[in-house]
>>> print(open('work_17.txt').read())   # compact mmCIF, C-alpha atoms
# COMPACT_ATOMS: atom_id res chain seq x y z
CA MET A 129 83.40 -48.27 101.94
CA ASN A 130 86.10 -50.43 100.38
CA PRO A 131 86.27 -51.03 96.60
CA SER A 132 84.75 -54.50 96.78
CA GLU A 133 81.68 -53.17 98.61
CA GLY A 134 81.35 -50.52 95.94
CA ALA A 135 81.35 -53.15 93.22
CA VAL A 136 78.68 -55.20 95.03
CA GLY A 137 76.58 -52.12 95.65
CA ALA A 138 76.70 -51.14 92.02
CA GLY A 139 75.40 -54.55 90.90
CA HIS A 140 75.96 -55.51 87.26
CA ALA A 141 76.71 -51.91 86.36
CA ALA A 142 80.12 -52.28 88.03
CA PHE A 143 81.04 -54.86 85.36
CA ALA A 144 79.42 -53.10 82.43
CA GLU A 145 82.25 -50.74 81.65
CA ALA A 146 82.35 -49.38 78.14
CA SER A 147 84.63 -51.29 75.78
CA PRO A 148 88.00 -49.53 75.39
CA PHE A 149 87.75 -50.35 71.68
CA GLY A 150 84.28 -48.81 71.31
CA ILE A 151 82.81 -51.94 69.71
CA GLU A 152 80.69 -54.90 70.79
CA SER A 153 82.51 -57.94 72.18
CA LYS A 154 81.45 -60.16 69.28
CA LYS A 155 82.90 -57.68 66.82
CA LEU A 156 86.18 -57.54 68.76
CA ALA A 157 86.28 -61.36 68.81
CA MET A 158 85.83 -61.37 65.02
CA TRP A 159 88.65 -58.86 64.61
CA LEU A 160 90.94 -61.05 66.75
CA PHE A 161 90.00 -64.10 64.67
CA ILE A 162 90.72 -62.15 61.47
CA ALA A 163 94.13 -61.07 62.78
CA SER A 164 95.06 -64.67 63.60
CA ASP A 165 93.64 -66.06 60.36
CA SER A 166 95.54 -63.47 58.33
CA VAL A 167 98.74 -64.85 59.85
CA THR A 168 97.70 -68.36 58.75
CA PHE A 169 97.33 -67.19 55.15
CA ALA A 170 100.50 -65.11 55.41
CA VAL A 171 102.53 -68.18 56.43
CA LEU A 172 101.38 -70.04 53.33
CA LEU A 173 101.74 -67.10 50.96
CA PHE A 174 105.18 -66.11 52.29
CA GLY A 175 106.41 -69.68 51.97
CA TYR A 176 104.97 -70.04 48.49
CA SER A 177 106.50 -66.74 47.36
CA PHE A 178 109.95 -67.78 48.54
CA LEU A 179 109.63 -71.10 46.71
CA ARG A 180 108.35 -69.36 43.58
CA VAL A 181 111.18 -66.82 43.41
CA GLY A 182 113.88 -69.27 44.52
CA SER A 183 113.06 -72.26 42.29
CA PRO A 184 114.85 -72.25 38.93
CA ASP A 185 112.63 -74.98 37.41
CA TRP A 186 109.31 -73.36 38.30
CA THR A 187 106.52 -74.15 35.83
CA LYS A 188 103.97 -71.52 34.78
CA PRO A 189 100.72 -73.37 34.14
CA PHE A 190 98.27 -70.52 33.50
CA GLU A 191 97.42 -69.14 30.06
CA PHE A 192 95.52 -65.84 29.89
CA LEU A 193 92.61 -67.80 28.44
CA PRO A 194 91.00 -69.41 30.33
CA SER A 195 92.83 -69.32 33.70
CA VAL A 196 93.87 -65.67 34.24
CA LEU A 197 90.60 -64.37 32.77
CA ASN A 198 88.71 -66.80 35.00
CA GLY A 199 90.68 -65.44 37.99
CA MET A 200 89.80 -61.87 36.99
CA VAL A 201 86.09 -62.76 36.77
CA MET A 202 86.31 -64.46 40.18
CA THR A 203 87.95 -61.31 41.61
CA VAL A 204 85.16 -59.07 40.28
CA ILE A 205 82.53 -61.48 41.65
CA LEU A 206 84.09 -61.51 45.12
CA LEU A 207 84.52 -57.72 45.16
CA THR A 208 80.88 -57.34 44.11
CA SER A 209 79.82 -59.69 46.89
CA SER A 210 81.55 -57.36 49.38
CA LEU A 211 79.48 -54.51 47.96
CA THR A 212 76.22 -56.44 48.34
CA MET A 213 77.25 -57.38 51.88
CA LEU A 214 77.73 -53.69 52.66
CA GLY A 215 74.21 -53.11 51.32
CA GLY A 216 72.97 -55.76 53.73
CA VAL A 217 74.70 -54.16 56.70
CA MET A 218 73.37 -50.70 55.83
CA ALA A 219 69.84 -52.10 55.48
CA ALA A 220 70.14 -53.99 58.79
CA LYS A 221 71.33 -50.85 60.59
CA ALA A 222 68.40 -48.94 59.09
CA GLY A 223 66.05 -51.63 60.43
CA ASN A 224 64.99 -52.73 56.94
CA GLN A 225 64.91 -56.49 57.43
CA LYS A 226 63.53 -57.36 53.99
CA SER A 227 66.19 -55.37 52.15
CA CYS A 228 68.95 -56.78 54.37
CA LEU A 229 67.90 -60.35 53.63
CA ARG A 230 67.78 -59.61 49.90
CA TRP A 231 71.33 -58.17 49.95
CA MET A 232 72.57 -61.13 51.99
CA GLY A 233 70.93 -63.45 49.45
CA TYR A 234 72.82 -61.73 46.62
CA THR A 235 76.05 -62.09 48.61
CA MET A 236 75.48 -65.82 49.13
CA LEU A 237 74.67 -66.25 45.43
CA LEU A 238 77.87 -64.47 44.38
CA GLY A 239 79.88 -66.52 46.89
CA THR A 240 78.41 -69.70 45.44
CA ILE A 241 79.23 -68.62 41.85
CA PHE A 242 82.80 -67.87 42.99
CA ALA A 243 83.10 -71.36 44.51
CA ILE A 244 81.72 -72.99 41.33
CA LEU A 245 84.19 -71.10 39.12
CA HIS A 246 87.00 -72.06 41.48
CA LEU A 247 86.06 -75.73 41.42
CA ARG A 248 85.82 -75.59 37.62
CA GLU A 249 89.42 -74.27 37.59
CA TRP A 250 90.51 -77.06 39.91
CA PHE A 251 88.88 -79.79 37.82
CA GLY A 252 90.46 -78.33 34.68
CA LEU A 253 93.91 -78.55 36.27
CA ILE A 254 93.28 -82.06 37.60
CA HIS A 255 92.15 -83.08 34.11
CA GLU A 256 95.49 -81.78 32.76
CA GLY A 257 97.30 -84.03 35.22
CA TRP A 258 98.07 -81.59 38.05
CA ARG A 259 98.01 -83.12 41.53
CA LEU A 260 99.24 -82.12 44.99
CA PHE A 261 102.60 -83.75 44.28
CA GLN A 262 102.55 -84.11 40.50
CA ASN A 263 103.51 -81.66 37.79
CA PRO A 264 102.51 -82.85 34.29
CA LEU A 265 104.89 -80.29 32.71
CA GLY A 266 107.90 -81.84 34.43
CA GLY A 267 109.05 -78.94 36.62
CA SER A 268 108.82 -78.31 40.34
CA VAL A 269 105.98 -80.24 42.03
CA GLU A 270 105.58 -77.39 44.51
CA VAL A 271 103.53 -75.48 41.91
CA GLY A 272 100.57 -77.81 42.35
CA THR A 273 101.14 -78.25 46.09
CA GLY A 274 101.03 -74.52 46.70
CA PHE A 275 98.13 -73.87 44.36
CA PHE A 276 95.83 -76.56 45.70
CA CYS A 277 96.70 -75.91 49.37
CA ILE A 278 96.35 -72.13 49.33
CA THR A 279 93.37 -71.83 46.99
CA GLY A 280 91.77 -74.79 48.79
CA LEU A 281 92.08 -73.06 52.15
CA HIS A 282 90.60 -69.90 50.66
CA LEU A 283 87.78 -71.85 48.99
CA MET A 284 87.01 -73.47 52.34
CA HIS A 285 86.72 -69.99 53.85
CA VAL A 286 84.34 -68.90 51.07
CA ILE A 287 82.12 -71.96 51.50
CA SER A 288 82.15 -71.49 55.30
CA GLY A 289 81.23 -67.85 54.76
CA VAL A 290 78.26 -68.71 52.54
CA ILE A 291 77.00 -71.16 55.18
CA ALA A 292 77.58 -68.62 57.98
CA LEU A 293 75.69 -65.95 56.03
CA GLY A 294 72.78 -68.38 55.57
CA VAL A 295 72.66 -69.15 59.29
CA ILE A 296 72.88 -65.48 60.27
CA ALA A 297 70.25 -64.48 57.69
CA LEU A 298 67.89 -67.13 59.04
CA GLY A 299 68.43 -66.00 62.65
CA TYR A 300 67.98 -62.36 61.66
CA LYS A 301 64.77 -63.18 59.79
CA ARG A 302 63.37 -64.97 62.85
CA GLY A 303 64.34 -62.06 65.09
CA ARG A 304 66.85 -64.05 67.15
CA LEU A 305 69.84 -62.12 65.80
CA THR A 306 70.43 -58.40 65.41
CA ALA A 307 72.02 -55.99 62.95
CA GLY A 308 75.20 -56.34 65.06
CA HIS A 309 75.40 -60.02 64.11
CA VAL A 310 74.99 -59.15 60.42
CA GLU A 311 77.76 -56.56 60.68
CA THR A 312 80.10 -58.96 62.51
CA THR A 313 79.56 -61.63 59.84
CA SER A 314 80.22 -59.03 57.15
CA LEU A 315 83.70 -58.50 58.63
CA TYR A 316 84.48 -62.14 57.96
CA TRP A 317 83.16 -61.90 54.40
CA HIS A 318 85.25 -58.80 53.63
CA PHE A 319 88.28 -60.56 55.11
CA VAL A 320 87.79 -63.48 52.69
CA ASP A 321 87.62 -60.90 49.89
CA ILE A 322 90.83 -59.18 51.05
CA VAL A 323 92.71 -62.49 51.27
CA TRP A 324 91.80 -63.10 47.61
CA MET A 325 93.49 -59.76 46.79
CA PHE A 326 96.73 -61.56 47.71
CA VAL A 327 95.88 -65.06 46.47
CA PHE A 328 94.98 -63.94 42.93
CA PRO A 329 98.24 -62.11 42.10
CA ILE A 330 100.50 -64.59 43.87
CA MET A 331 98.85 -67.81 42.71
CA TYR A 332 97.60 -66.80 39.26
CA LEU A 333 99.52 -63.80 37.96
CA LEU A 334 102.96 -64.96 39.12
CA ASN A 335 102.24 -68.24 37.32
CA ALA A 336 100.91 -66.73 34.10
CA LYS A 337 102.58 -67.82 30.86
CA MET B 43 79.23 -47.75 68.92
CA ALA B 44 81.02 -46.85 65.76
CA SER B 45 80.75 -43.26 64.76
CA ASN B 46 77.63 -42.27 62.87
CA ASN B 47 79.41 -40.53 60.00
CA GLU B 48 79.79 -43.77 58.09
CA PRO B 49 79.94 -43.48 54.31
CA GLY B 50 77.09 -44.26 51.94
CA MET B 51 76.86 -46.66 49.03
CA LYS B 52 78.28 -44.04 46.64
CA LEU B 53 81.71 -44.16 48.32
CA TYR B 54 81.60 -47.96 48.52
CA VAL B 55 80.96 -48.18 44.77
CA GLY B 56 83.90 -45.81 44.21
CA ILE B 57 86.18 -48.06 46.28
CA TRP B 58 84.85 -51.10 44.40
CA ILE B 59 85.74 -49.50 41.06
CA GLY B 60 89.17 -48.54 42.43
CA LEU B 61 89.85 -52.12 43.54
CA ILE B 62 88.88 -53.49 40.12
CA ALA B 63 91.16 -50.89 38.47
CA ILE B 64 94.08 -52.02 40.67
CA MET B 65 93.39 -55.63 39.68
CA LEU B 66 93.60 -54.60 36.00
CA VAL B 67 96.92 -52.84 36.68
CA GLU B 68 98.20 -56.07 38.27
CA VAL B 69 97.25 -58.05 35.15
CA PHE B 70 98.89 -55.41 32.94
CA LEU B 71 102.13 -55.62 34.97
CA THR B 72 102.09 -59.41 34.70
CA TYR B 73 102.55 -59.22 30.93
CA GLN B 74 105.35 -56.62 31.04
CA HIS B 75 108.02 -59.36 31.35
CA LEU B 76 109.40 -58.13 34.68
CA ALA B 77 111.82 -60.31 36.64
CA PRO B 78 109.92 -62.65 39.04
CA ARG B 79 111.32 -60.86 42.11
CA MET B 80 110.35 -57.42 40.77
CA LEU B 81 106.91 -58.61 39.70
CA LEU B 82 106.34 -60.14 43.14
CA VAL B 83 107.27 -56.86 44.86
CA CYS B 84 104.97 -54.83 42.57
CA LEU B 85 102.04 -57.23 42.96
CA LEU B 86 102.46 -57.37 46.75
CA ALA B 87 102.62 -53.57 47.01
CA LEU B 88 99.37 -53.27 45.03
CA ALA B 89 97.76 -56.08 47.05
CA PHE B 90 98.65 -54.35 50.34
CA PHE B 91 97.14 -51.11 48.99
CA GLU B 92 93.97 -53.00 48.04
CA ALA B 93 93.87 -54.63 51.48
CA GLY B 94 94.28 -51.23 53.13
CA LEU B 95 91.32 -49.84 51.20
CA GLY B 96 89.23 -52.90 52.03
CA ILE B 97 90.04 -52.79 55.74
CA ALA B 98 89.56 -49.02 56.02
CA TYR B 99 86.29 -48.69 54.11
CA PHE B 100 84.62 -52.09 53.62
CA MET B 101 85.49 -53.26 57.13
CA HIS B 102 84.91 -49.77 58.57
CA MET B 103 88.24 -49.62 60.40
CA LYS B 104 88.49 -45.94 59.41
CA TYR B 105 85.30 -45.25 61.35
CA GLU B 106 86.11 -47.29 64.48
CA SER B 107 87.96 -46.15 67.57
CA PRO B 108 91.71 -45.63 66.94
CA HIS B 109 92.33 -47.96 69.91
CA LEU B 110 91.15 -50.89 67.81
CA LEU B 111 93.49 -50.02 64.96
CA TRP B 112 96.50 -49.55 67.23
CA SER B 113 95.76 -52.74 69.16
CA LEU B 114 95.40 -55.03 66.16
CA VAL B 115 97.30 -53.77 63.15
CA PRO B 116 100.84 -53.13 64.51
CA ILE B 117 100.91 -56.53 66.25
CA THR B 118 99.74 -58.34 63.13
CA ILE B 119 102.28 -56.50 60.96
CA PHE B 120 105.01 -57.29 63.50
CA VAL B 121 104.19 -61.01 63.27
CA LEU B 122 104.24 -60.83 59.46
CA VAL B 123 107.62 -59.07 59.50
CA LEU B 124 108.99 -61.75 61.82
CA LEU B 125 107.70 -64.41 59.44
CA ASP B 126 109.40 -62.71 56.55
CA HIS B 127 112.58 -62.52 58.60
CA ILE B 128 112.57 -66.23 59.44
CA TRP B 129 111.38 -67.70 56.12
CA PRO B 130 114.65 -67.34 54.22
CA ASP B 131 116.30 -69.58 56.81
CA ALA B 132 113.54 -72.18 56.47
CA PHE B 133 114.07 -72.08 52.72
CA ARG B 134 117.83 -72.58 53.18
CA LEU B 135 117.19 -75.60 55.39
CA ALA B 136 114.75 -77.05 52.85
CA ARG B 137 117.39 -76.76 50.12
CA MET B 138 120.05 -78.33 52.37
CA SER B 139 117.82 -81.34 53.06
CA MET B 140 117.38 -81.93 49.31
CA ARG B 141 121.09 -82.43 48.79
>>> encode(input="work_17.txt", output="structure tokens")
Amino acid sequence: MNPSEGAVGAGHAAFAEASPFGIESKKLAMWLFIASDSVTFAVLLFGYSFLRVGSPDWTKPFEFLPSVLNGMVMTVILLTSSLTMLGGVMAAKAGNQKSCLRWMGYTMLLGTIFAILHLREWFGLIHEGWRLFQNPLGGSVEVGTGFFCITGLHLMHVISGVIALGVIALGYKRGRLTAGHVETTSLYWHFVDIVWMFVFPIMYLLNAK
Amino acid sequence: MASNNEPGMKLYVGIWIGLIAIMLVEVFLTYQHLAPRMLLVCLLALAFFEAGLGIAYFMHMKYESPHLLWSLVPITIFVLVLLDHIWPDAFRLARMSMR
């Protein structure tokens, strides 16, 4: 019997080899997305860091109160949302649907609070005269460009994550999606949290007065 | 498919506290009047440590197959190192175009 006959004889089992990575395909796809997205953020953060260190007329717009403190509160909120997401995954794996949905609800709430605080920060800066290509303090315009672009991209990820969590929670509640889907979505949420671990020090702390 | 010896909420809360403590150290360093270059290096080192904790425990990489780690992480780090290698030249070109 040649190999092709063997594959036909074995039916679908011939194609159902175990994953070399030991995880479901959707989880692997999420990991690949995270790897590529981390490069996207790295490009922006690397570029911004070079500009920050290399520009002699760089302006530092952030006072401890309210901006740095606001950033610290946002960091704690996002870290806490990762914790509640872990609670959701553990509940989903244990088959406790009600508890999982409650934890996911907390995560979405914390994500929404983070986005509101972020937008409040943005509007405060815009009110002071900061724009994409305008520095009201008279220094390098790249301060505002970098801040709005990088934090904007991160904020977009947070808002997308809240929406994704809502969709997954709904599907899980209706029984269309499984604990595996909840776990895969949690990877994205933790990634958004980890990106903030870089955005906060580079965007806020390096620009603190 | 991941191993069953995954940690409980107690460890996660410990990591959460650790991450908040690192964030407080970052803020402390910010007000120590370090040179921008030095401050950037310190903040990045702490951020990479935070990211490592997050990936290992929150994202369960520590409990997945080592194949996943060795397939994803070295390649991603290699790309980041290449970026870091090329960026100074892009910065030089940007400065040249301003003149």
>>> atom_distance(input="work_17.txt", atom1="atom CA of A:Glu191", atom2="atom CA of A:Trp258")
14.8 Å
>>> closest_residue(input="work_17.txt", among="A:Ala220, A:Leu315, A:Met158, A:Ile254", to="chain B", atoms="only C-alpha atoms")
A:Leu315
>>> atom_distance(input="work_17.txt", atom1="atom CA of A:Phe190", atom2="atom CA of A:Lys337")
5.7 Å
>>> interface_residues(input="work_17.txt", of="chain A", to="chain B", cutoff="6 Å", atoms="all atoms listed in the file", output="list in words")
Phe149, Gly150, Ile151, Leu315, Ile322, Met325 and Phe326 of chain A
>>> atom_distance(input="work_17.txt", atom1="atom CA of A:Glu152", atom2="atom CA of A:Leu298")
21.2 Å
>>> closest_residue(input="work_17.txt", among="A:Glu311, A:Asp321, A:Glu145, A:Glu270", to="A:Gly239", atoms="all atoms listed in the file")
A:Asp321
>>> axis_aligned_box(input="work_17.txt", around="stretch 170-177 of chain A", padding_each_side="6 Å", output="AutoDock Vina command-line options")
--center_x 103.5 --center_y -67.6 --center_z 51.9 --size_x 18.0 --size_y 16.9 --size_z 21.1
>>> residues_around(input="work_17.txt", residues="stretch 168-176 of chain A", least_positions_apart="2", cutoff="8 Å", atoms="all atoms listed in the file", output="VMD selection string")
(chain A and resid 164 to 166 178 to 180 274 278 323 327 330) or (chain B and resid 122 125 to 126 129)
>>> closest_residue(input="work_17.txt", among="A:Leu253, A:Met232, A:Ala219, A:Val201", to="A:Ala292", atoms="only C-alpha atoms")
A:Met232
>>> residues_near_point(input="work_17.txt", point="(91.6, -79.2, 35.4)", cutoff="12 Å", atoms="all atoms listed in the file", output="list in words")
Pro189, Phe190, Pro194, Ser195, Leu245, His246, Leu247, Arg248, Glu249, Trp250, Phe251, Gly252, Leu253, Ile254, His255, Glu256, Gly257, Trp258, Arg259, Pro264, Gly272 and Phe276 of chain A
>>> closest_residue(input="work_17.txt", among="A:Val320, A:Leu156, A:Ala146, A:Val295", to="B:Met103", atoms="all atoms listed in the file")
A:Leu156
>>> closest_residue(input="work_17.txt", among="A:Asn198, A:Thr187, A:Ser227, A:Thr279", to="A:Asn335", atoms="all atoms listed in the file")
A:Thr187
